[in-house]
Amino acid sequence: MARIKITRKSNQVIIFGDLHANWEALLVLQQSELQPYAVLCLGDIVGYGPDPKRCLDAVRNSATYVIGGQHDRAVGSNLTAGGDGNYDVELLDATWSHSRSVLSGDDRDYLASLPGELSAEVAGVRFHLMRLPPDNTDTETHMLITMPQARLREMFSHIEADVILLGGPHIPALRQLDSQLIVCPGSLGQPGYGVPEPTFAIWRNDQAQIRHLHYEPHVPARKLSLLPLAPEHKLRLQSILQTGKLD
């Protein structure tokens, strides 16, 4: 497990995850938070959305530290969703196939090489970047805010960090666990809390905040209509973008 250290004085750290190839959401974040000290990406850069190449290039060029999620591993390592051929499996395989079709071999190698977790010290604060285990599509609907404290302690108390940054759930939350803070920024590219506004987190002056962005979800939704996906898959993904509901 990699451990990386920054020694300069921190001003503002941007934390986001679950971009899911939504370029418009990433662009709004970049325009609203100019020149952050560091950018931490919690994985699932690709999958579901219409702009995997554009999003991957932007993350690779601007993020300070990046971990990979299930969608990144699947696209990078040419994996399939498997299972019994149900609707969700077909949707995953279709969007992963689209991502591979527009990414180069080097792009896919980069996705496959991303660590599942890492630790980074930023201006004396120990951050640990990880995904909610098990990192699969079921975790996207998990609500960290309702998880029992005993379960949190069982899952995270062994991690030596001041702040645990958690990707996977598309629903944002902040939880205190003894002396540790757990920050789930939610999903930048595919919000799942009933509102179509992207969410991310900011760490500044030893405090974390969840922030919301306003953007036009009809733009990526319109792009989805042009992808080589089954009509029912396009409608499902467009509905999620426009309603912020994963179910």
# chains A, B, ... in the order shown; residues from 1 in each chain; ligands from 1

$ residues_around --residues "range 48-58 of chain A" --least-positions-apart "4" --cutoff "7 Å" --atoms "only C-alpha atoms" --output "list in words"
His20, Ala21, Asn22, Trp23, Ser62, Thr95, Ser99, Val102, Leu103, Pro220, Lys223 and Leu224 of chain A

$ write_last_selection --atoms "all heavy atoms" --output "CSV table (one decimal), in the first residue's frame"
chain,number,residue,atom,x,y,z
A,20,HIS,N,-17.7,8.9,-13.0
A,20,HIS,CA,-18.4,8.1,-14.0
A,20,HIS,C,-18.6,8.8,-15.4
A,20,HIS,O,-19.7,9.0,-15.9
A,20,HIS,CB,-19.8,7.7,-13.4
A,20,HIS,CG,-19.7,6.7,-12.4
A,20,HIS,ND1,-19.2,5.4,-12.6
A,20,HIS,CD2,-20.1,6.7,-11.1
A,20,HIS,CE1,-19.2,4.7,-11.5
A,20,HIS,NE2,-19.7,5.5,-10.5
A,21,ALA,N,-17.4,9.3,-15.8
A,21,ALA,CA,-17.3,9.8,-17.2
A,21,ALA,C,-18.3,11.0,-17.5
A,21,ALA,O,-18.8,11.1,-18.6
A,21,ALA,CB,-17.6,8.7,-18.2
A,22,ASN,N,-18.6,11.8,-16.5
A,22,ASN,CA,-19.4,12.9,-16.6
A,22,ASN,C,-18.6,14.2,-16.7
A,22,ASN,O,-18.2,14.8,-15.7
A,22,ASN,CB,-20.4,13.0,-15.4
A,22,ASN,CG,-21.5,14.1,-15.6
A,22,ASN,OD1,-21.3,15.1,-16.3
A,22,ASN,ND2,-22.6,13.9,-14.9
A,23,TRP,N,-18.2,14.6,-17.9
A,23,TRP,CA,-17.4,15.7,-18.1
A,23,TRP,C,-17.9,17.0,-17.6
A,23,TRP,O,-17.3,17.9,-17.1
A,23,TRP,CB,-17.0,15.8,-19.6
A,23,TRP,CG,-16.3,17.1,-20.0
A,23,TRP,CD1,-16.8,18.1,-20.7
A,23,TRP,CD2,-15.0,17.5,-19.6
A,23,TRP,NE1,-15.9,19.1,-20.8
A,23,TRP,CE2,-14.8,18.8,-20.1
A,23,TRP,CE3,-14.0,16.9,-18.8
A,23,TRP,CZ2,-13.6,19.5,-20.0
A,23,TRP,CZ3,-12.8,17.6,-18.6
A,23,TRP,CH2,-12.6,18.9,-19.2
A,62,SER,N,-4.6,16.5,-13.6
A,62,SER,CA,-4.8,17.5,-12.5
A,62,SER,C,-4.9,16.9,-11.1
A,62,SER,O,-4.7,17.6,-10.2
A,62,SER,CB,-6.1,18.3,-12.8
A,62,SER,OG,-7.2,17.4,-12.8
A,95,THR,N,-21.6,-0.4,-20.8
A,95,THR,CA,-20.9,0.9,-20.6
A,95,THR,C,-19.4,0.7,-20.5
A,95,THR,O,-18.6,1.5,-20.9
A,95,THR,CB,-21.4,1.7,-19.4
A,95,THR,OG1,-21.2,0.9,-18.2
A,95,THR,CG2,-22.9,2.0,-19.5
A,99,SER,N,-16.5,2.4,-22.9
A,99,SER,CA,-15.3,3.0,-22.4
A,99,SER,C,-14.0,2.5,-23.0
A,99,SER,O,-13.2,3.2,-23.4
A,99,SER,CB,-15.2,2.9,-20.8
A,99,SER,OG,-16.3,3.6,-20.2
A,102,VAL,N,-13.2,3.8,-26.6
A,102,VAL,CA,-12.7,5.1,-26.8
A,102,VAL,C,-11.4,5.4,-26.1
A,102,VAL,O,-10.8,6.5,-26.2
A,102,VAL,CB,-13.7,6.2,-26.5
A,102,VAL,CG1,-15.0,6.0,-27.3
A,102,VAL,CG2,-14.1,6.1,-25.0
A,103,LEU,N,-10.9,4.4,-25.3
A,103,LEU,CA,-9.6,4.6,-24.6
A,103,LEU,C,-8.5,3.9,-25.3
A,103,LEU,O,-8.7,2.8,-25.9
A,103,LEU,CB,-9.8,4.1,-23.1
A,103,LEU,CG,-10.8,4.8,-22.3
A,103,LEU,CD1,-10.9,4.2,-20.9
A,103,LEU,CD2,-10.4,6.3,-22.1
A,220,PRO,N,-25.1,15.9,-20.4
A,220,PRO,CA,-24.6,14.5,-20.5
A,220,PRO,C,-25.7,13.5,-20.8
A,220,PRO,O,-25.4,12.5,-21.5
A,220,PRO,CB,-24.0,14.3,-19.1
A,220,PRO,CG,-24.6,15.3,-18.2
A,220,PRO,CD,-24.8,16.5,-19.0
A,223,LYS,N,-25.9,13.5,-24.5
A,223,LYS,CA,-24.8,12.7,-25.0
A,223,LYS,C,-25.0,11.2,-24.9
A,223,LYS,O,-24.7,10.4,-25.8
A,223,LYS,CB,-23.5,13.1,-24.3
A,223,LYS,CG,-23.0,14.4,-24.6
A,223,LYS,CD,-21.7,14.6,-23.8
A,223,LYS,CE,-21.1,16.0,-24.1
A,223,LYS,NZ,-19.8,16.2,-23.3
A,224,LEU,N,-25.7,10.8,-23.8
A,224,LEU,CA,-25.9,9.3,-23.7
A,224,LEU,C,-26.8,8.8,-24.8
A,224,LEU,O,-26.7,7.7,-25.2
A,224,LEU,CB,-26.6,9.1,-22.3
A,224,LEU,CG,-25.7,9.1,-21.1
A,224,LEU,CD1,-26.6,9.2,-19.8
A,224,LEU,CD2,-24.8,7.9,-21.1

$ residues_around --residues "Thr146 in chain A" --least-positions-apart "6" --cutoff "12 Å" --atoms "only C-alpha atoms" --output "PDB file with N, CA, C and O atoms, in the first residue's frame"
ATOM      1  N   LEU A 152     -18.942   0.836  11.850  1.00  0.00           N
ATOM      2  CA  LEU A 152     -17.873   1.726  11.410  1.00  0.00           C
ATOM      3  C   LEU A 152     -16.554   1.369  12.086  1.00  0.00           C
ATOM      4  O   LEU A 152     -15.507   1.319  11.438  1.00  0.00           O
ATOM      5  N   ILE A 171     -23.939   8.685  -2.120  1.00  0.00           N
ATOM      6  CA  ILE A 171     -24.673   9.523  -1.174  1.00  0.00           C
ATOM      7  C   ILE A 171     -23.673  10.103  -0.180  1.00  0.00           C
ATOM      8  O   ILE A 171     -22.996   9.361   0.529  1.00  0.00           O
ATOM      9  N   PRO A 172     -23.518  11.435  -0.113  1.00  0.00           N
ATOM     10  CA  PRO A 172     -22.473  12.036   0.720  1.00  0.00           C
ATOM     11  C   PRO A 172     -22.776  11.920   2.206  1.00  0.00           C
ATOM     12  O   PRO A 172     -23.936  11.863   2.626  1.00  0.00           O
ATOM     13  N   ALA A 173     -21.706  11.921   3.003  1.00  0.00           N
ATOM     14  CA  ALA A 173     -21.867  11.848   4.461  1.00  0.00           C
ATOM     15  C   ALA A 173     -20.553  12.184   5.146  1.00  0.00           C
ATOM     16  O   ALA A 173     -19.466  11.981   4.599  1.00  0.00           O
ATOM     17  N   LEU A 174     -20.672  12.678   6.380  1.00  0.00           N
ATOM     18  CA  LEU A 174     -19.541  12.873   7.289  1.00  0.00           C
ATOM     19  C   LEU A 174     -19.846  12.109   8.564  1.00  0.00           C
ATOM     20  O   LEU A 174     -20.940  12.232   9.113  1.00  0.00           O
ATOM     21  N   ARG A 175     -18.885  11.336   9.042  1.00  0.00           N
ATOM     22  CA  ARG A 175     -19.066  10.603  10.298  1.00  0.00           C
ATOM     23  C   ARG A 175     -17.814  10.707  11.156  1.00  0.00           C
ATOM     24  O   ARG A 175     -16.691  10.595  10.643  1.00  0.00           O
TER      25      ARG A 175
END

$ closest_residue --among "A:Thr80, A:Thr141, A:Ser104, A:Gln180" --to "Ile164 in chain A" --atoms "only C-alpha atoms"
A:Gln180

$ atom_distance --atom1 "CA of Ala38 in chain A" --atom2 "CA of Val183 in chain A"
16.0 Å

$ residues_around --residues "Val75 in chain A" --least-positions-apart "2" --cutoff "10 Å" --atoms "only C-alpha atoms" --output "list in words"
Val46, Gly47, Gln70, His71, Asp72, Arg73, Ser77, Asn78, Leu79, Thr80, Asp93, Thr95, Trp96, Ser97, His98, Ser99, Arg100, Ser101, Leu103, Asp107, Arg108, Asp109, Leu111 and Ala112 of chain A

$ closest_residue --among "A:Asn11, A:Thr199, A:Gln176, A:Ser119" --to "Val28 in chain A" --atoms "only C-alpha atoms"
A:Thr199

$ residues_around --residues "Ala221 in chain A" --least-positions-apart "4" --cutoff "12 Å" --atoms "only C-alpha atoms" --output "PyMOL selection string"
chain A and resi 21-25+48-51+189-190+196+216-217+225-227+233-243

$ write_last_selection --atoms "C-alpha atoms" --output "short mmCIF file (atom, residue, chain, number, x, y, z; two decimals), in the first residue's frame"
data_model
loop_
_atom_site.label_atom_id
_atom_site.label_comp_id
_atom_site.auth_asym_id
_atom_site.auth_seq_id
_atom_site.Cartn_x
_atom_site.Cartn_y
_atom_site.Cartn_z
CA ALA A 21 -17.33 9.80 -17.22
CA ASN A 22 -19.43 12.93 -16.60
CA TRP A 23 -17.35 15.69 -18.14
CA GLU A 24 -19.86 18.47 -17.46
CA ALA A 25 -19.82 17.76 -13.71
CA TYR A 48 -21.89 4.69 -17.03
CA GLY A 49 -21.21 8.13 -18.52
CA PRO A 50 -20.56 9.40 -22.06
CA ASP A 51 -17.06 10.96 -21.75
CA GLY A 189 -20.82 12.37 -11.85
CA GLN A 190 -23.85 10.34 -10.84
CA PRO A 196 -29.20 15.71 -9.53
CA GLU A 216 -27.13 21.08 -16.48
CA PRO A 217 -27.67 17.29 -16.34
CA SER A 225 -28.62 9.22 -26.39
CA LEU A 226 -25.82 9.06 -28.99
CA LEU A 227 -23.96 6.13 -27.46
CA HIS A 233 -29.94 1.38 -20.87
CA LYS A 234 -29.86 4.94 -22.20
CA LEU A 235 -33.17 5.72 -20.51
CA ARG A 236 -31.99 4.30 -17.19
CA LEU A 237 -28.77 6.30 -17.18
CA GLN A 238 -30.53 9.47 -18.32
CA SER A 239 -33.11 9.10 -15.56
CA ILE A 240 -30.39 8.77 -12.90
CA LEU A 241 -28.66 11.94 -14.12
CA GLN A 242 -31.86 13.94 -14.22
CA THR A 243 -33.39 12.75 -10.92
#

$ atom_distance --atom1 "CA of Asn205 in chain A" --atom2 "CA of Gln12 in chain A"
7.9 Å

$ closest_residue --among "A:Val163, A:Val195, A:Ala74, A:Met130" --to "Ala208 in chain A" --atoms "only C-alpha atoms"
A:Val163

$ atom_distance --atom1 "CA of Tyr215 in chain A" --atom2 "CA of Asp44 in chain A"
20.0 Å

$ closest_residue --among "A:Phe16, A:Tyr110, A:Tyr65, A:Phe127" --to "Asp206 in chain A" --atoms "only C-alpha atoms"
A:Phe127

$ select_by_dssp --residues "range 95-183 of chain A" --states "alpha helix (DSSP H)" --output "count of residues only"
25

$ closest_residue --among "A:Leu177, A:Thr137, A:Glu90, A:Ser32" --to "Arg151 in chain A" --atoms "only C-alpha atoms"
A:Leu177

$ closest_residue --among "A:Gly244, A:Pro198, A:Gly105, A:Pro231" --to "Leu26 in chain A" --atoms "only C-alpha atoms"
A:Pro198

$ select_by_dssp --residues "range 144-192 of chain A" --states "strand (DSSP E)" --output "PyMOL selection string"
chain A and resi 163-167+173-177+180-184
